[in-house]
Amino acid sequence: MAHQDEHLILCAGFVVGDLSDEERRLFEAHLDEGCAVCRAEIERLGRAAYLVASAAPIHRAPTAVRARVLDAVRAEAAADRASRPTQPLAMAPRRRPLAWAWGAAALLALAAGVWHWRVTADIERQLAATRSEVAALEAKLHIEEEWTAFWSAPHAREIRLEPTPDGSKELVAKVTYDPDSKRAVVALSNFTPPAGKDYQLWAITASGPASLGVIRADGAGNALIRLTDVGAAEAPAAFAVSLEAAGGAPTPHAPAGPVVLVGKVGV
Amino acid sequence: MERIRARDERALADLYDRHADLLYSVILRIVRGAAEAEEVLQETWLQVWRTAGSYDASRGAVGAWLVTVARSRAIDRLRSEGSRRRVESESTLDPPAPTADAADEASQRQRSERVTAALGQLETHHRQVLELAYYSGLSQVEIAGRVGAPLGTVKSWTRQALLKLGSLVPPEDFS
């Protein structure tokens with residue numbers, strides 16, 4: 001279909017991904033026809049849509065994911081390589097008496113080779129996938145074993161966070177913290193934030209506050225959170241919760257909103 | 001992307017290092033759970049590896065395509081029954097902002113602040129339709145119902161919002 005003004009309107013929905021399935025299908029068909037006007041518009045609007053992503057508070061991707069992705073990718077690449085033939089599959093036959101017999105034998109050998117190659121490639125692909133799944137399960141098991149040990153850690157201590165004058169008795173928070181493993185489990189109740197706000201958890205050290213993250217409670221306002229590397233750089237003297245604008249404080253080094261709960265780590 | 005199409009794992013690692021933090025941040029904002037966000041991030045990169053051939057440079061830059069893949073997977077997760085059950089039974093904490101590389105962190109934060117400020121300058125209804133589309137996974141029909149405006153108006157607002165946002169942010173923040 002030739003370019004029409006309605007297509008320009010669809011460009012915006014296309015880049016933010018909120019067209020209906022039917023609209024997207026028709027619009028993609030229009031793009032496939034090579035409409036230069038719409039392609040230029042998508043380029044322009046797509047850059048702006050990408051900016052919206054940049055406005056999300058930046059969080060570092062967990063390092064374990066990188067390793068898992070690259071392990072899986074290497075396994076797939078190895079399977080791909082294994083499934084590619086490395087030798088020419090057939091050679092031109094030499095003219096000799098009984099050439100047909102040699103030809104038939106060569107065809108049989110070729111068929112057997114192809115069959116063997118396919119079976120081998122399938123097995124190697126399945127093996128690579130299984131290895132990847134086993135590695136992921138082992139990693140999960142290891143993590144769960146470490147958390148099981150956490151609950152019987154000899155130096156773990158329990159900190160109940162108390163409301164400040166800016167807080168409310170409705171907010172209930174308890175931190176179990178093990179200084180040896182640097183792990184903590186935080187149990188929270190009634191943590192549904194007001195509209196446009198988020199609660200944020202902090203470790204208070206001698207150098208100042210360090211954000212532990214923005215709290216995402218379930219629909220009932222409850223949360224049970226496991227944390228690693230708590231106080232890895234510096235032992236926390238207290239834990240606190242602040243009420244921030246949605247997305248959390250602009251810097252991970254200081255609350256911007258009021259501190260609503262605080263609890264000291266006992267010795 | 002050519003190298004990834006040629007099954008070069010190092011090319012994927014390079015791309016991951018440049019974009020993983022941004023993708024994780026977007027996913028986390030949509031699924032709102034660190035454990036789920038990790039899974040979606042992993043699925044996103046495996047999809048990038050397996051479907052690199054479908055990337056069409058004439059339909060936008062690599063970064064925009066990666067964000068589209070990540071958002072699509074995160075929104076699928078958000079809509080799935082399993083996800084709703086887990087969100088109700090578990091709860092999570094957004095991990096803290098990075099602290100390992102102070103210069104990089106400051107640069108990312110400043111950029112985020114500039115874009116956030118630009119979003120703040122948009123008309124409220126423009127910003128609302130953009131954020132609903134981007135992070136909630138609602139269709140334009142659903143957004144129209146949510147904001148109480150005709151569908152055609154929502155389509156028009158979305159375009160106007162993107163054009164205005166693009167004009168408010170310095171060019172260096174686009175990549």
# chains A, B, ... in the order shown; residues from 1 in each chain; ligands from 1
$ residues_around --residues "stretch 2-13 of chain B" --least-positions-apart "2" --cutoff "6 Å" --atoms "only C-alpha atoms" --output "list in words"
Leu15, Tyr16, Ala52 and Gly53 of chain B
$ write_last_selection --atoms "N, CA and C atoms" --output "short mmCIF file (atom, residue, chain, number, x, y, z; two decimals), in the first residue's frame"
data_model
loop_
_atom_site.label_atom_id
_atom_site.label_comp_id
_atom_site.auth_asym_id
_atom_site.auth_seq_id
_atom_site.Cartn_x
_atom_site.Cartn_y
_atom_site.Cartn_z
N LEU B 15 28.65 -6.93 23.02
CA LEU B 15 27.34 -6.26 22.99
C LEU B 15 26.69 -6.31 24.37
N TYR B 16 26.84 -7.45 25.03
CA TYR B 16 26.29 -7.61 26.38
C TYR B 16 26.89 -6.55 27.32
N ALA B 52 19.55 -12.95 15.76
CA ALA B 52 20.31 -11.79 15.26
C ALA B 52 20.04 -11.57 13.78
N GLY B 53 19.74 -12.66 13.07
CA GLY B 53 19.48 -12.54 11.63
C GLY B 53 18.24 -11.73 11.33
#
$ residues_around --residues "stretch 129-133 of chain B" --least-positions-apart "3" --cutoff "7 Å" --atoms "only C-alpha atoms" --output "compact mmCIF listing (two decimals) with N, CA and C atoms, in the first residue's frame"
# COMPACT_ATOMS: atom_id res chain seq x y z
N VAL A 16 6.99 2.16 20.14
CA VAL A 16 6.77 1.92 21.57
C VAL A 16 6.08 0.57 21.81
N ASP A 18 2.87 -0.60 21.10
CA ASP A 18 1.51 -0.74 21.63
C ASP A 18 0.45 -0.81 20.53
N HIS B 125 -0.45 14.34 30.01
CA HIS B 125 -1.09 13.25 29.26
C HIS B 125 -0.14 12.61 28.24
N HIS B 126 0.81 13.42 27.72
CA HIS B 126 1.80 12.85 26.81
C HIS B 126 2.70 11.87 27.55
N SER B 136 3.93 -0.78 30.91
CA SER B 136 2.82 -1.61 31.37
C SER B 136 2.45 -2.67 30.35
N GLY B 137 2.88 -2.47 29.09
CA GLY B 137 2.54 -3.43 28.05
C GLY B 137 1.10 -3.32 27.59
N LEU B 138 0.42 -2.22 27.92
CA LEU B 138 -0.97 -2.04 27.48
C LEU B 138 -0.99 -1.68 25.99
N SER B 139 -2.05 -2.12 25.29
CA SER B 139 -2.21 -1.72 23.90
C SER B 139 -2.78 -0.30 23.87
N ILE B 143 -4.88 1.67 26.66
CA ILE B 143 -4.43 2.96 27.19
C ILE B 143 -5.54 4.00 27.05
N THR B 158 0.90 9.90 21.51
CA THR B 158 2.13 9.09 21.56
C THR B 158 3.18 9.67 20.62
$ residues_around --residues "stretch 38-51 of chain B" --least-positions-apart "4" --cutoff "8 Å" --atoms "only C-alpha atoms" --output "PyMOL selection string"
(chain A and resi 61-62+65-66+68-69+72-73) or (chain B and resi 4-5+7+12+16+20+23-24+27+34+55+66+69-70+73-74+77)
$ interface_residues --of "chain A" --to "chain B" --cutoff "8 Å" --atoms "only C-alpha atoms" --output "PyMOL selection string"
chain A and resi 9-13+16-20+39+42-43+45-62+65-66+68-70+72-74+77+211-220+222-225+250-252
$ write_last_selection --atoms "C-alpha atoms" --output "PDB file, in the first residue's frame"
ATOM      1  CA  ILE A   9       0.705   7.866  13.220  1.00  0.00           C
ATOM      2  CA  LEU A  10       1.321   4.107  13.282  1.00  0.00           C
ATOM      3  CA  CYS A  11       5.098   4.694  13.371  1.00  0.00           C
ATOM      4  CA  ALA A  12       4.855   5.967  16.970  1.00  0.00           C
ATOM      5  CA  GLY A  13       2.859   2.941  18.145  1.00  0.00           C
ATOM      6  CA  VAL A  16       6.771   1.917  21.574  1.00  0.00           C
ATOM      7  CA  GLY A  17       5.148  -1.458  20.838  1.00  0.00           C
ATOM      8  CA  ASP A  18       1.510  -0.741  21.635  1.00  0.00           C
ATOM      9  CA  LEU A  19      -0.114  -1.381  18.241  1.00  0.00           C
ATOM     10  CA  SER A  20      -2.735  -4.116  18.062  1.00  0.00           C
ATOM     11  CA  ARG A  39      11.572   4.149   7.733  1.00  0.00           C
ATOM     12  CA  ILE A  42      10.838   5.112  12.675  1.00  0.00           C
ATOM     13  CA  GLU A  43      14.501   6.039  12.866  1.00  0.00           C
ATOM     14  CA  LEU A  45      10.910   8.223  16.778  1.00  0.00           C
ATOM     15  CA  GLY A  46      12.865   5.073  17.679  1.00  0.00           C
ATOM     16  CA  ARG A  47      15.700   7.193  19.031  1.00  0.00           C
ATOM     17  CA  ALA A  48      13.250   9.064  21.244  1.00  0.00           C
ATOM     18  CA  ALA A  49      11.644   5.791  22.407  1.00  0.00           C
ATOM     19  CA  TYR A  50      15.118   4.523  23.323  1.00  0.00           C
ATOM     20  CA  LEU A  51      15.498   7.601  25.537  1.00  0.00           C
ATOM     21  CA  VAL A  52      12.524   6.491  27.628  1.00  0.00           C
ATOM     22  CA  ALA A  53      14.576   3.408  28.541  1.00  0.00           C
ATOM     23  CA  SER A  54      17.415   5.672  29.671  1.00  0.00           C
ATOM     24  CA  ALA A  55      15.114   7.319  32.187  1.00  0.00           C
ATOM     25  CA  ALA A  56      14.719   4.076  34.155  1.00  0.00           C
ATOM     26  CA  PRO A  57      16.937   4.070  37.278  1.00  0.00           C
ATOM     27  CA  ILE A  58      20.114   2.278  36.192  1.00  0.00           C
ATOM     28  CA  HIS A  59      20.864  -1.033  37.890  1.00  0.00           C
ATOM     29  CA  ARG A  60      23.873  -3.218  37.266  1.00  0.00           C
ATOM     30  CA  ALA A  61      22.982  -6.491  35.581  1.00  0.00           C
ATOM     31  CA  PRO A  62      23.875  -9.452  37.837  1.00  0.00           C
ATOM     32  CA  VAL A  65      23.651 -13.791  34.078  1.00  0.00           C
ATOM     33  CA  ARG A  66      26.570 -12.876  31.810  1.00  0.00           C
ATOM     34  CA  ARG A  68      25.135 -18.193  32.087  1.00  0.00           C
ATOM     35  CA  VAL A  69      24.374 -16.503  28.754  1.00  0.00           C
ATOM     36  CA  LEU A  70      27.899 -16.962  27.429  1.00  0.00           C
ATOM     37  CA  ALA A  72      24.789 -21.366  26.763  1.00  0.00           C
ATOM     38  CA  VAL A  73      25.922 -19.492  23.667  1.00  0.00           C
ATOM     39  CA  ARG A  74      29.269 -21.314  23.565  1.00  0.00           C
ATOM     40  CA  ALA A  77      28.043 -22.445  18.853  1.00  0.00           C
ATOM     41  CA  SER A 211      21.272   1.981  49.031  1.00  0.00           C
ATOM     42  CA  LEU A 212      20.304  -1.687  49.123  1.00  0.00           C
ATOM     43  CA  GLY A 213      17.562  -1.096  46.569  1.00  0.00           C
ATOM     44  CA  VAL A 214      13.979  -0.024  46.011  1.00  0.00           C
ATOM     45  CA  ILE A 215      11.446  -2.305  47.697  1.00  0.00           C
ATOM     46  CA  ARG A 216       8.989  -4.094  45.423  1.00  0.00           C
ATOM     47  CA  ALA A 217       6.361  -5.677  47.661  1.00  0.00           C
ATOM     48  CA  ASP A 218       3.620  -8.010  46.435  1.00  0.00           C
ATOM     49  CA  GLY A 219      -0.011  -6.950  45.963  1.00  0.00           C
ATOM     50  CA  ALA A 220      -0.680  -7.293  49.692  1.00  0.00           C
ATOM     51  CA  ASN A 222       4.427  -7.973  51.874  1.00  0.00           C
ATOM     52  CA  ALA A 223       8.018  -8.701  50.934  1.00  0.00           C
ATOM     53  CA  LEU A 224      10.629 -11.297  51.832  1.00  0.00           C
ATOM     54  CA  ILE A 225      13.964 -10.290  50.362  1.00  0.00           C
ATOM     55  CA  PRO A 250      18.593   9.999  42.601  1.00  0.00           C
ATOM     56  CA  THR A 251      21.831   8.815  44.206  1.00  0.00           C
ATOM     57  CA  PRO A 252      22.581   5.509  45.958  1.00  0.00           C
TER      58      PRO A 252
END
$ atom_distance --atom1 "atom CA of A:Gln200" --atom2 "atom CA of A:Gly257"
9.5 Å
$ select_by_dssp --residues "stretch 10-191 of chain A" --states "alpha helix (DSSP H)" --output "VMD selection string"
chain A and resid 10 to 16 21 to 32 36 to 54 63 to 82 99 to 150
$ atom_distance --atom1 "atom CA of A:Val259" --atom2 "atom CA of A:Val241"
5.8 Å
$ closest_residue --among "A:Gly247, A:Pro165, A:Gly263, A:Pro154" --to "A:Ala195" --atoms "only C-alpha atoms"
A:Gly247
$ select_by_dssp --residues "stretch 1-216 of chain A" --states "strand (DSSP E or B)" --output "PyMOL selection string"
chain A and resi 157-163+172-178+183-189+197-205+208-216
$ write_last_selection --atoms "N, CA and C atoms" --output "tab-separated table (two decimals), in the first residue's frame"
chain	number	residue	atom	x	y	z
A	157	ARG	N	22.20	-11.99	63.43
A	157	ARG	CA	21.43	-11.24	64.43
A	157	ARG	C	20.16	-10.67	63.80
A	158	GLU	N	19.20	-10.43	64.65
A	158	GLU	CA	17.89	-9.98	64.17
A	158	GLU	C	17.72	-8.50	64.53
A	159	ILE	N	17.33	-7.69	63.57
A	159	ILE	CA	17.15	-6.25	63.83
A	159	ILE	C	15.72	-5.88	63.46
A	160	ARG	N	14.99	-5.37	64.43
A	160	ARG	CA	13.62	-4.93	64.15
A	160	ARG	C	13.66	-3.42	63.89
A	161	LEU	N	13.17	-2.98	62.74
A	161	LEU	CA	13.22	-1.55	62.40
A	161	LEU	C	12.01	-0.84	63.03
A	162	GLU	N	12.29	0.29	63.68
A	162	GLU	CA	11.24	1.03	64.40
A	162	GLU	C	10.86	2.28	63.61
A	163	PRO	N	9.59	2.70	63.70
A	163	PRO	CA	9.18	3.90	62.96
A	163	PRO	C	9.80	5.18	63.53
A	172	VAL	N	5.94	-2.71	59.10
A	172	VAL	CA	6.65	-3.68	59.93
A	172	VAL	C	7.84	-4.23	59.13
A	173	ALA	N	9.04	-4.12	59.71
A	173	ALA	CA	10.23	-4.58	59.01
A	173	ALA	C	11.20	-5.25	59.97
A	174	LYS	N	11.71	-6.41	59.54
A	174	LYS	CA	12.69	-7.12	60.35
A	174	LYS	C	13.83	-7.57	59.44
A	175	VAL	N	15.08	-7.30	59.87
A	175	VAL	CA	16.26	-7.70	59.09
A	175	VAL	C	17.00	-8.77	59.87
A	176	THR	N	17.30	-9.89	59.23
A	176	THR	CA	18.21	-10.88	59.83
A	176	THR	C	19.52	-10.76	59.06
A	177	TYR	N	20.60	-10.46	59.79
A	177	TYR	CA	21.86	-10.12	59.13
A	177	TYR	C	22.99	-10.99	59.68
A	178	ASP	N	23.75	-11.58	58.77
A	178	ASP	CA	24.91	-12.39	59.19
A	178	ASP	C	26.19	-11.69	58.75
A	183	ARG	N	25.30	-11.68	54.35
A	183	ARG	CA	23.97	-11.89	53.79
A	183	ARG	C	22.91	-11.36	54.74
A	184	ALA	N	21.77	-11.05	54.19
A	184	ALA	CA	20.66	-10.58	55.02
A	184	ALA	C	19.34	-11.03	54.41
A	185	VAL	N	18.37	-11.25	55.28
A	185	VAL	CA	17.01	-11.51	54.82
A	185	VAL	C	16.12	-10.44	55.45
A	186	VAL	N	15.32	-9.79	54.64
A	186	VAL	CA	14.48	-8.69	55.12
A	186	VAL	C	13.02	-9.09	54.94
A	187	ALA	N	12.26	-9.05	56.04
A	187	ALA	CA	10.83	-9.37	55.99
A	187	ALA	C	10.05	-8.08	56.23
A	188	LEU	N	9.12	-7.78	55.33
A	188	LEU	CA	8.39	-6.51	55.40
A	188	LEU	C	6.89	-6.75	55.27
A	189	SER	N	6.10	-5.97	56.03
A	189	SER	CA	4.64	-6.04	55.92
A	189	SER	C	4.08	-4.64	55.76
A	197	LYS	N	5.21	7.01	44.69
A	197	LYS	CA	6.32	6.88	45.66
A	197	LYS	C	6.83	5.45	45.68
A	198	ASP	N	8.03	5.26	46.23
A	198	ASP	CA	8.59	3.93	46.47
A	198	ASP	C	9.33	3.94	47.80
A	199	TYR	N	9.27	2.81	48.49
A	199	TYR	CA	10.12	2.66	49.68
A	199	TYR	C	11.49	2.16	49.25
A	200	GLN	N	12.54	2.64	49.93
A	200	GLN	CA	13.90	2.25	49.58
A	200	GLN	C	14.64	1.81	50.84
A	201	LEU	N	15.38	0.71	50.72
A	201	LEU	CA	16.10	0.15	51.87
A	201	LEU	C	17.56	0.63	51.86
A	202	TRP	N	18.09	0.92	53.03
A	202	TRP	CA	19.44	1.46	53.15
A	202	TRP	C	20.23	0.71	54.22
A	203	ALA	N	21.55	0.57	54.00
A	203	ALA	CA	22.47	0.16	55.05
A	203	ALA	C	23.19	1.42	55.49
A	204	ILE	N	23.21	1.69	56.78
A	204	ILE	CA	23.90	2.89	57.27
A	204	ILE	C	25.26	2.46	57.82
A	205	THR	N	26.33	2.96	57.20
A	205	THR	CA	27.69	2.62	57.64
A	205	THR	C	28.33	3.88	58.22
A	208	GLY	N	28.42	6.61	55.79
A	208	GLY	CA	27.15	7.18	55.33
A	208	GLY	C	26.22	6.10	54.81
A	209	PRO	N	25.06	6.51	54.29
A	209	PRO	CA	24.09	5.53	53.80
A	209	PRO	C	24.53	4.89	52.48
A	210	ALA	N	24.14	3.65	52.27
A	210	ALA	CA	24.36	2.96	50.98
A	210	ALA	C	23.06	2.27	50.62
A	211	SER	N	22.56	2.56	49.44
A	211	SER	CA	21.27	1.98	49.03
A	211	SER	C	21.39	0.47	48.86
A	212	LEU	N	20.40	-0.25	49.38
A	212	LEU	CA	20.30	-1.69	49.12
A	212	LEU	C	19.25	-1.95	48.06
A	213	GLY	N	18.52	-0.93	47.65
A	213	GLY	CA	17.56	-1.10	46.57
A	213	GLY	C	16.17	-0.59	46.92
A	214	VAL	N	15.38	-0.46	45.85
A	214	VAL	CA	13.98	-0.02	46.01
A	214	VAL	C	13.12	-1.26	46.29
A	215	ILE	N	12.24	-1.15	47.26
A	215	ILE	CA	11.45	-2.30	47.70
A	215	ILE	C	10.27	-2.51	46.75
A	216	ARG	N	10.13	-3.74	46.26
A	216	ARG	CA	8.99	-4.09	45.42
A	216	ARG	C	8.19	-5.16	46.17
